[in-house]
Amino acid sequence: MQEIIQRFYPYAVPSNEFVRNTYRIINFNYGINPHQIMLAHSICSDDVNSIEYPEEGRQMLGPFNLGGLDGYPFTGVTGMSAFAHHVPEEGAALVFYAPHVGIGRHGCPGKIQRLGQHDDSTCCGALLKALDALKAGTISKEATDPLDYQQQTLESIIWKAKERIESAEDSVIEATDVILEESGKMIDQMIAKTEFMGKYLFVVGAVVINGDWTMGSFLELRRFDYLDPRTKKIIKSFNF
Ligand SMILES: [Zn+2]
């Protein structure tokens, strides 16, 4: 099954392996244990992310939820600041952000089979809805409706990347990358405006790839930075 995922995400690994790799790097380089790490995650509200949440990720403190639809960090500066004040004094803050995309047994980006369902459904549903609106010419160019603020925000991001997405080989994969990049920019701005407790600050950006309910989920690392929590300068970057 992993081969189907790696057709689109060649560096994807099972999500529990991803968490173990992250721990190993933090522990090997800085001697920090999972219970000294306060995790903030910015992942989609979709229940599939809860169902497939790696058990290894629960050894850390938290998670503090920064995300909303497709993992965009909708809590903004206030959310980041609240999280930053919960970090153990001798410990680390780990900020993880990742949009998600379903790729099931048929290898079609944006579709998975969920538990107890016969037909496939969209994943990320919010992103697919935005792409449908882009095609239909009904996309929201700005967020004005308090009843659907998050979806309209996603749509306005997709709208700005219209040409890039329409000229891409696969619009779902490309749009997921757009959300990842824009989430990263937002996370960086939020961090710049935040004072952190603790001695260490790590920022990890990735794409979550949800399989069918029988397949579990995978993660492809896109960014792993160790920052000075005071100056917010990147001290070291890692890869695995
Ligand atoms: Zn989603």
# chains A, B, ... in the order shown; residues from 1 in each chain; ligands from 1

$ residues_near_ligand --ligand "ligand 1" --cutoff "6 Å" --atoms "only C-alpha atoms and all ligand atoms" --output "PyMOL selection string"
chain A and resi 44+46+69-70+123-126

$ closest_atom_pairs --of "region 51-83 of chain A" --to "region 97-103 of chain A" --cutoff "10 Å" --atoms "only C-alpha atoms" --output "CSV"
residue,atom,partner,partner_atom,distance
A:Leu66,CA,A:Tyr97,CA,8.5
A:Gly67,CA,A:Tyr97,CA,8.0
A:Gly68,CA,A:Pro99,CA,9.9
A:Leu69,CA,A:Pro99,CA,8.6
A:Asp70,CA,A:Pro99,CA,5.0
A:Gly71,CA,A:Pro99,CA,4.8
A:Tyr72,CA,A:Pro99,CA,7.1
A:Pro73,CA,A:Tyr97,CA,7.8

$ closest_atom_pairs --of "region 46-138 of chain A" --to "region 23-30 of chain A" --cutoff "12 Å" --atoms "only C-alpha atoms" --output "tab-separated table"
residue	atom	partner	partner_atom	distance
A:Glu56	CA	A:Tyr23	CA	9.4
A:Gly57	CA	A:Tyr23	CA	9.5
A:Gln59	CA	A:Tyr23	CA	10.3
A:Met60	CA	A:Tyr23	CA	9.8
A:Glu90	CA	A:Tyr30	CA	11.5
A:Gly91	CA	A:Tyr30	CA	10.2
A:Ala92	CA	A:Ile26	CA	9.4
A:Ala93	CA	A:Ile26	CA	11.2
A:Leu94	CA	A:Ile26	CA	10.0

$ residues_around --residues "Asp228 (chain A)" --least-positions-apart "2" --cutoff "9 Å" --atoms "only C-alpha atoms" --output "JSON, numbers by chain"
{"A": [199, 200, 201, 202, 226, 230, 231, 232, 233, 234, 235]}

$ write_last_selection --atoms "N, CA and C atoms" --output "tab-separated table (two decimals), in the first residue's frame"
chain	number	residue	atom	x	y	z
A	199	LYS	N	13.34	26.03	26.71
A	199	LYS	CA	14.68	26.28	26.19
A	199	LYS	C	14.83	26.00	24.71
A	200	TYR	N	13.86	25.29	24.14
A	200	TYR	CA	14.01	24.86	22.76
A	200	TYR	C	12.72	25.11	21.98
A	201	LEU	N	12.89	25.38	20.71
A	201	LEU	CA	11.73	25.54	19.82
A	201	LEU	C	11.99	24.79	18.52
A	202	PHE	N	11.13	23.83	18.24
A	202	PHE	CA	11.24	23.06	16.99
A	202	PHE	C	10.00	23.32	16.14
A	226	TYR	N	15.26	23.72	14.09
A	226	TYR	CA	15.48	24.05	15.51
A	226	TYR	C	15.74	25.55	15.57
A	230	ARG	N	14.21	32.65	21.69
A	230	ARG	CA	14.19	34.11	21.95
A	230	ARG	C	14.26	34.90	20.64
A	231	THR	N	15.30	34.61	19.81
A	231	THR	CA	15.50	35.41	18.59
A	231	THR	C	14.67	34.90	17.42
A	232	LYS	N	14.20	33.63	17.51
A	232	LYS	CA	13.42	32.94	16.45
A	232	LYS	C	14.27	32.66	15.20
A	233	LYS	N	15.59	32.78	15.35
A	233	LYS	CA	16.48	32.45	14.21
A	233	LYS	C	16.65	30.93	14.13
A	234	ILE	N	16.72	30.41	12.89
A	234	ILE	CA	16.95	28.97	12.71
A	234	ILE	C	18.41	28.67	13.03
A	235	ILE	N	18.62	27.75	13.96
A	235	ILE	CA	19.98	27.37	14.35
A	235	ILE	C	20.42	26.15	13.56

$ select_by_dssp --residues "chain A" --states "strand (DSSP E or B)" --output "PyMOL selection string"
chain A and resi 13-14+37-42+61-65+92-97+100-103+109+111-113+120-122+200-210+217-227+234-237

$ select_by_dssp --residues "region 41-236 of chain A" --states "alpha helix (DSSP H)" --output "JSON, numbers by chain"
{"A": [47, 48, 49, 50, 51, 76, 77, 78, 79, 80, 81, 82, 83, 84, 125, 126, 127, 128, 129, 130, 131, 132, 133, 134, 135, 136, 149, 150, 151, 152, 153, 154, 155, 156, 157, 158, 159, 160, 162, 163, 164, 165, 166, 171, 172, 173, 174, 175, 176, 177, 178, 179, 180, 181, 182, 183, 184, 185, 186, 187, 188, 189, 190, 191, 192]}

$ closest_residue --among "A:Val208, A:Met38, A:Ala130, A:Val77" --to "Ser171 (chain A)" --atoms "only C-alpha atoms"
A:Ala130

$ residues_around --residues "Glu181 (chain A)" --least-positions-apart "4" --cutoff "12 Å" --atoms "only C-alpha atoms" --output "number ranges by chain"
A: 71-73, 97-99, 157-158, 161, 174-177, 185-188, 205-207, 222-223

$ write_last_selection --atoms "N, CA, C and O atoms" --output "compact mmCIF listing (two decimals), in the first residue's frame"
# COMPACT_ATOMS: atom_id res chain seq x y z
N GLY A 71 -5.87 22.04 8.21
CA GLY A 71 -4.68 22.25 9.03
C GLY A 71 -4.14 23.67 9.02
O GLY A 71 -3.09 23.93 9.61
N TYR A 72 -4.85 24.58 8.37
CA TYR A 72 -4.39 25.97 8.38
C TYR A 72 -4.48 26.51 9.82
O TYR A 72 -5.47 26.25 10.52
N PRO A 73 -3.46 27.24 10.28
CA PRO A 73 -3.42 27.63 11.71
C PRO A 73 -4.37 28.76 12.06
O PRO A 73 -3.97 29.91 12.32
N TYR A 97 2.89 21.45 11.76
CA TYR A 97 1.77 21.83 10.89
C TYR A 97 1.77 20.96 9.64
O TYR A 97 2.82 20.62 9.10
N ALA A 98 0.58 20.58 9.21
CA ALA A 98 0.48 19.70 8.04
C ALA A 98 -0.93 19.69 7.48
O ALA A 98 -1.88 19.35 8.19
N PRO A 99 -1.08 20.06 6.20
CA PRO A 99 -2.37 19.80 5.54
C PRO A 99 -2.48 18.30 5.27
O PRO A 99 -1.50 17.57 5.48
N ILE A 157 -7.16 31.52 -0.36
CA ILE A 157 -5.76 31.09 -0.57
C ILE A 157 -5.65 30.35 -1.91
O ILE A 157 -4.73 30.58 -2.70
N ILE A 158 -6.61 29.46 -2.16
CA ILE A 158 -6.61 28.69 -3.42
C ILE A 158 -6.81 29.62 -4.62
O ILE A 158 -6.17 29.47 -5.66
N ALA A 161 -3.72 31.19 -5.88
CA ALA A 161 -2.79 30.26 -6.55
C ALA A 161 -3.44 29.59 -7.77
O ALA A 161 -3.01 28.54 -8.22
N GLU A 174 -1.12 19.65 -5.86
CA GLU A 174 -0.57 21.00 -5.94
C GLU A 174 -1.23 21.92 -4.90
O GLU A 174 -0.56 22.68 -4.21
N ALA A 175 -2.56 21.84 -4.82
CA ALA A 175 -3.28 22.69 -3.87
C ALA A 175 -2.90 22.35 -2.43
O ALA A 175 -2.84 23.23 -1.56
N THR A 176 -2.62 21.08 -2.16
CA THR A 176 -2.18 20.68 -0.82
C THR A 176 -0.83 21.33 -0.50
O THR A 176 -0.61 21.82 0.62
N ASP A 177 0.05 21.37 -1.50
CA ASP A 177 1.34 22.06 -1.32
C ASP A 177 1.15 23.56 -1.07
O ASP A 177 1.86 24.16 -0.28
N LYS A 185 3.99 29.98 6.27
CA LYS A 185 4.19 31.44 6.36
C LYS A 185 3.44 32.01 7.56
O LYS A 185 3.93 32.86 8.29
N MET A 186 2.21 31.54 7.73
CA MET A 186 1.38 32.00 8.85
C MET A 186 2.01 31.57 10.18
O MET A 186 2.09 32.37 11.13
N ILE A 187 2.46 30.32 10.27
CA ILE A 187 3.11 29.81 11.48
C ILE A 187 4.34 30.68 11.81
O ILE A 187 4.55 31.06 12.97
N ASP A 188 5.15 30.99 10.81
CA ASP A 188 6.35 31.81 11.03
C ASP A 188 5.98 33.20 11.58
O ASP A 188 6.64 33.72 12.46
N GLY A 205 7.17 20.87 9.51
CA GLY A 205 6.12 20.97 8.49
C GLY A 205 6.08 19.68 7.68
O GLY A 205 7.14 19.12 7.36
N ALA A 206 4.89 19.20 7.37
CA ALA A 206 4.76 17.92 6.67
C ALA A 206 3.44 17.86 5.92
O ALA A 206 2.60 18.76 6.06
N VAL A 207 3.27 16.82 5.12
CA VAL A 207 1.96 16.52 4.53
C VAL A 207 1.47 15.21 5.15
O VAL A 207 2.24 14.23 5.20
N ARG A 222 8.65 17.94 5.29
CA ARG A 222 9.04 19.02 4.39
C ARG A 222 9.94 20.04 5.07
O ARG A 222 10.61 20.82 4.43
N ARG A 223 9.93 20.02 6.42
CA ARG A 223 10.70 21.02 7.15
C ARG A 223 10.87 20.58 8.60
O ARG A 223 9.91 20.10 9.21

$ closest_residue --among "A:Gly104, A:Glu52, A:Gln151, A:Ser140" --to "Asp119 (chain A)" --atoms "only C-alpha atoms"
A:Gly104

$ atom_distance --atom1 "CA of Ile179 (chain A)" --atom2 "CA of Leu127 (chain A)"
8.9 Å

$ closest_residue --among "A:Pro10, A:Pro109, A:Gly184, A:Gly62" --to "Val172 (chain A)" --atoms "only C-alpha atoms"
A:Pro109

$ residues_around --residues "Pro88 (chain A)" --least-positions-apart "4" --cutoff "7 Å" --atoms "only C-alpha atoms" --output "number ranges by chain"
A: 36, 92, 197-198

$ atom_distance --atom1 "CA of Glu195 (chain A)" --atom2 "CA of Phe83 (chain A)"
10.1 Å

$ residues_around --residues "Gly107 (chain A)" --least-positions-apart "5" --cutoff "12 Å" --atoms "only C-alpha atoms" --output "ChimeraX atom specification"
/A:1-9,101-102,112-113,120,209-212

$ write_last_selection --atoms "C-alpha atoms" --output "PDB file, in the first residue's frame"
ATOM      1  CA  MET A   1       0.000   0.000   0.000  1.00  0.00           C
ATOM      2  CA  GLN A   2       2.906   2.305   0.776  1.00  0.00           C
ATOM      3  CA  GLU A   3       3.921   2.146  -2.934  1.00  0.00           C
ATOM      4  CA  ILE A   4       0.627   3.787  -3.923  1.00  0.00           C
ATOM      5  CA  ILE A   5       1.334   6.661  -1.511  1.00  0.00           C
ATOM      6  CA  GLN A   6       4.976   6.971  -2.580  1.00  0.00           C
ATOM      7  CA  ARG A   7       3.933   7.429  -6.200  1.00  0.00           C
ATOM      8  CA  PHE A   8       2.880  10.926  -5.117  1.00  0.00           C
ATOM      9  CA  TYR A   9       4.948  11.345  -1.939  1.00  0.00           C
ATOM     10  CA  VAL A 101      -4.695  14.512   1.471  1.00  0.00           C
ATOM     11  CA  GLY A 102      -6.425  11.166   1.119  1.00  0.00           C
ATOM     12  CA  ILE A 112     -10.428   7.509   0.599  1.00  0.00           C
ATOM     13  CA  GLN A 113     -12.745   4.823   1.899  1.00  0.00           C
ATOM     14  CA  ASP A 120     -15.068   6.690  -1.218  1.00  0.00           C
ATOM     15  CA  ILE A 209      -1.445  11.304   3.631  1.00  0.00           C
ATOM     16  CA  ASN A 210      -4.511   9.424   4.855  1.00  0.00           C
ATOM     17  CA  GLY A 211      -5.089   6.030   3.327  1.00  0.00           C
ATOM     18  CA  ASP A 212      -8.298   4.000   3.309  1.00  0.00           C
TER      19      ASP A 212
END

$ residues_around --residues "region 11-19 of chain A" --least-positions-apart "4" --cutoff "6 Å" --atoms "only C-alpha atoms" --output "MDAnalysis selection string"
chainID A and resid 54 217:220

$ closest_residue --among "A:Ser167, A:Thr144, A:Val95, A:His86" --to "Leu227 (chain A)" --atoms "only C-alpha atoms"
A:Val95

$ decode --residues "region 38-52 of chain A" --atoms "N, CA, C and O atoms" --output "PDB file, in the first residue's frame"
ATOM      1  N   MET A  38       6.245  19.990  24.709  1.00  0.00           N
ATOM      2  CA  MET A  38       4.858  20.436  24.567  1.00  0.00           C
ATOM      3  C   MET A  38       4.572  20.575  23.077  1.00  0.00           C
ATOM      4  O   MET A  38       5.234  21.341  22.380  1.00  0.00           O
ATOM      5  N   LEU A  39       3.602  19.794  22.619  1.00  0.00           N
ATOM      6  CA  LEU A  39       3.283  19.756  21.190  1.00  0.00           C
ATOM      7  C   LEU A  39       2.104  20.669  20.856  1.00  0.00           C
ATOM      8  O   LEU A  39       1.081  20.655  21.543  1.00  0.00           O
ATOM      9  N   ALA A  40       2.281  21.465  19.808  1.00  0.00           N
ATOM     10  CA  ALA A  40       1.141  22.156  19.195  1.00  0.00           C
ATOM     11  C   ALA A  40       0.996  21.577  17.805  1.00  0.00           C
ATOM     12  O   ALA A  40       1.988  21.498  17.069  1.00  0.00           O
ATOM     13  N   HIS A  41      -0.190  21.154  17.447  1.00  0.00           N
ATOM     14  CA  HIS A  41      -0.333  20.686  16.073  1.00  0.00           C
ATOM     15  C   HIS A  41      -1.389  21.496  15.331  1.00  0.00           C
ATOM     16  O   HIS A  41      -2.377  21.966  15.901  1.00  0.00           O
ATOM     17  N   SER A  42      -1.092  21.684  14.055  1.00  0.00           N
ATOM     18  CA  SER A  42      -2.010  22.392  13.184  1.00  0.00           C
ATOM     19  C   SER A  42      -2.384  21.423  12.083  1.00  0.00           C
ATOM     20  O   SER A  42      -1.722  21.346  11.043  1.00  0.00           O
ATOM     21  N   ILE A  43      -3.414  20.628  12.366  1.00  0.00           N
ATOM     22  CA  ILE A  43      -3.872  19.621  11.410  1.00  0.00           C
ATOM     23  C   ILE A  43      -5.384  19.787  11.225  1.00  0.00           C
ATOM     24  O   ILE A  43      -6.048  20.428  12.024  1.00  0.00           O
ATOM     25  N   CYS A  44      -5.915  19.196  10.154  1.00  0.00           N
ATOM     26  CA  CYS A  44      -7.338  19.383   9.839  1.00  0.00           C
ATOM     27  C   CYS A  44      -8.239  18.783  10.918  1.00  0.00           C
ATOM     28  O   CYS A  44      -7.913  17.775  11.535  1.00  0.00           O
ATOM     29  N   SER A  45      -9.380  19.403  11.095  1.00  0.00           N
ATOM     30  CA  SER A  45     -10.395  18.928  12.051  1.00  0.00           C
ATOM     31  C   SER A  45     -10.955  17.549  11.690  1.00  0.00           C
ATOM     32  O   SER A  45     -11.573  16.904  12.536  1.00  0.00           O
ATOM     33  N   ASP A  46     -10.754  17.112  10.453  1.00  0.00           N
ATOM     34  CA  ASP A  46     -11.286  15.831   9.955  1.00  0.00           C
ATOM     35  C   ASP A  46     -11.040  14.698  10.965  1.00  0.00           C
ATOM     36  O   ASP A  46      -9.910  14.501  11.416  1.00  0.00           O
ATOM     37  N   ASP A  47     -12.090  13.941  11.275  1.00  0.00           N
ATOM     38  CA  ASP A  47     -11.978  12.838  12.244  1.00  0.00           C
ATOM     39  C   ASP A  47     -10.963  11.776  11.842  1.00  0.00           C
ATOM     40  O   ASP A  47     -10.417  11.078  12.691  1.00  0.00           O
ATOM     41  N   VAL A  48     -10.675  11.670  10.528  1.00  0.00           N
ATOM     42  CA  VAL A  48      -9.698  10.657  10.104  1.00  0.00           C
ATOM     43  C   VAL A  48      -8.331  10.945  10.730  1.00  0.00           C
ATOM     44  O   VAL A  48      -7.571  10.024  11.056  1.00  0.00           O
ATOM     45  N   ASN A  49      -8.028  12.215  10.963  1.00  0.00           N
ATOM     46  CA  ASN A  49      -6.755  12.572  11.603  1.00  0.00           C
ATOM     47  C   ASN A  49      -6.730  12.143  13.072  1.00  0.00           C
ATOM     48  O   ASN A  49      -5.671  11.837  13.605  1.00  0.00           O
ATOM     49  N   SER A  50      -7.886  12.124  13.722  1.00  0.00           N
ATOM     50  CA  SER A  50      -7.957  11.644  15.107  1.00  0.00           C
ATOM     51  C   SER A  50      -7.886  10.125  15.139  1.00  0.00           C
ATOM     52  O   SER A  50      -7.167   9.541  15.949  1.00  0.00           O
ATOM     53  N   ILE A  51      -8.631   9.496  14.223  1.00  0.00           N
ATOM     54  CA  ILE A  51      -8.673   8.028  14.188  1.00  0.00           C
ATOM     55  C   ILE A  51      -7.279   7.465  13.900  1.00  0.00           C
ATOM     56  O   ILE A  51      -6.858   6.471  14.488  1.00  0.00           O
ATOM     57  N   GLU A  52      -6.537   8.124  13.019  1.00  0.00           N
ATOM     58  CA  GLU A  52      -5.231   7.598  12.604  1.00  0.00           C
ATOM     59  C   GLU A  52      -4.076   8.305  13.318  1.00  0.00           C
ATOM     60  O   GLU A  52      -2.934   8.213  12.896  1.00  0.00           O
TER      61      GLU A  52
END
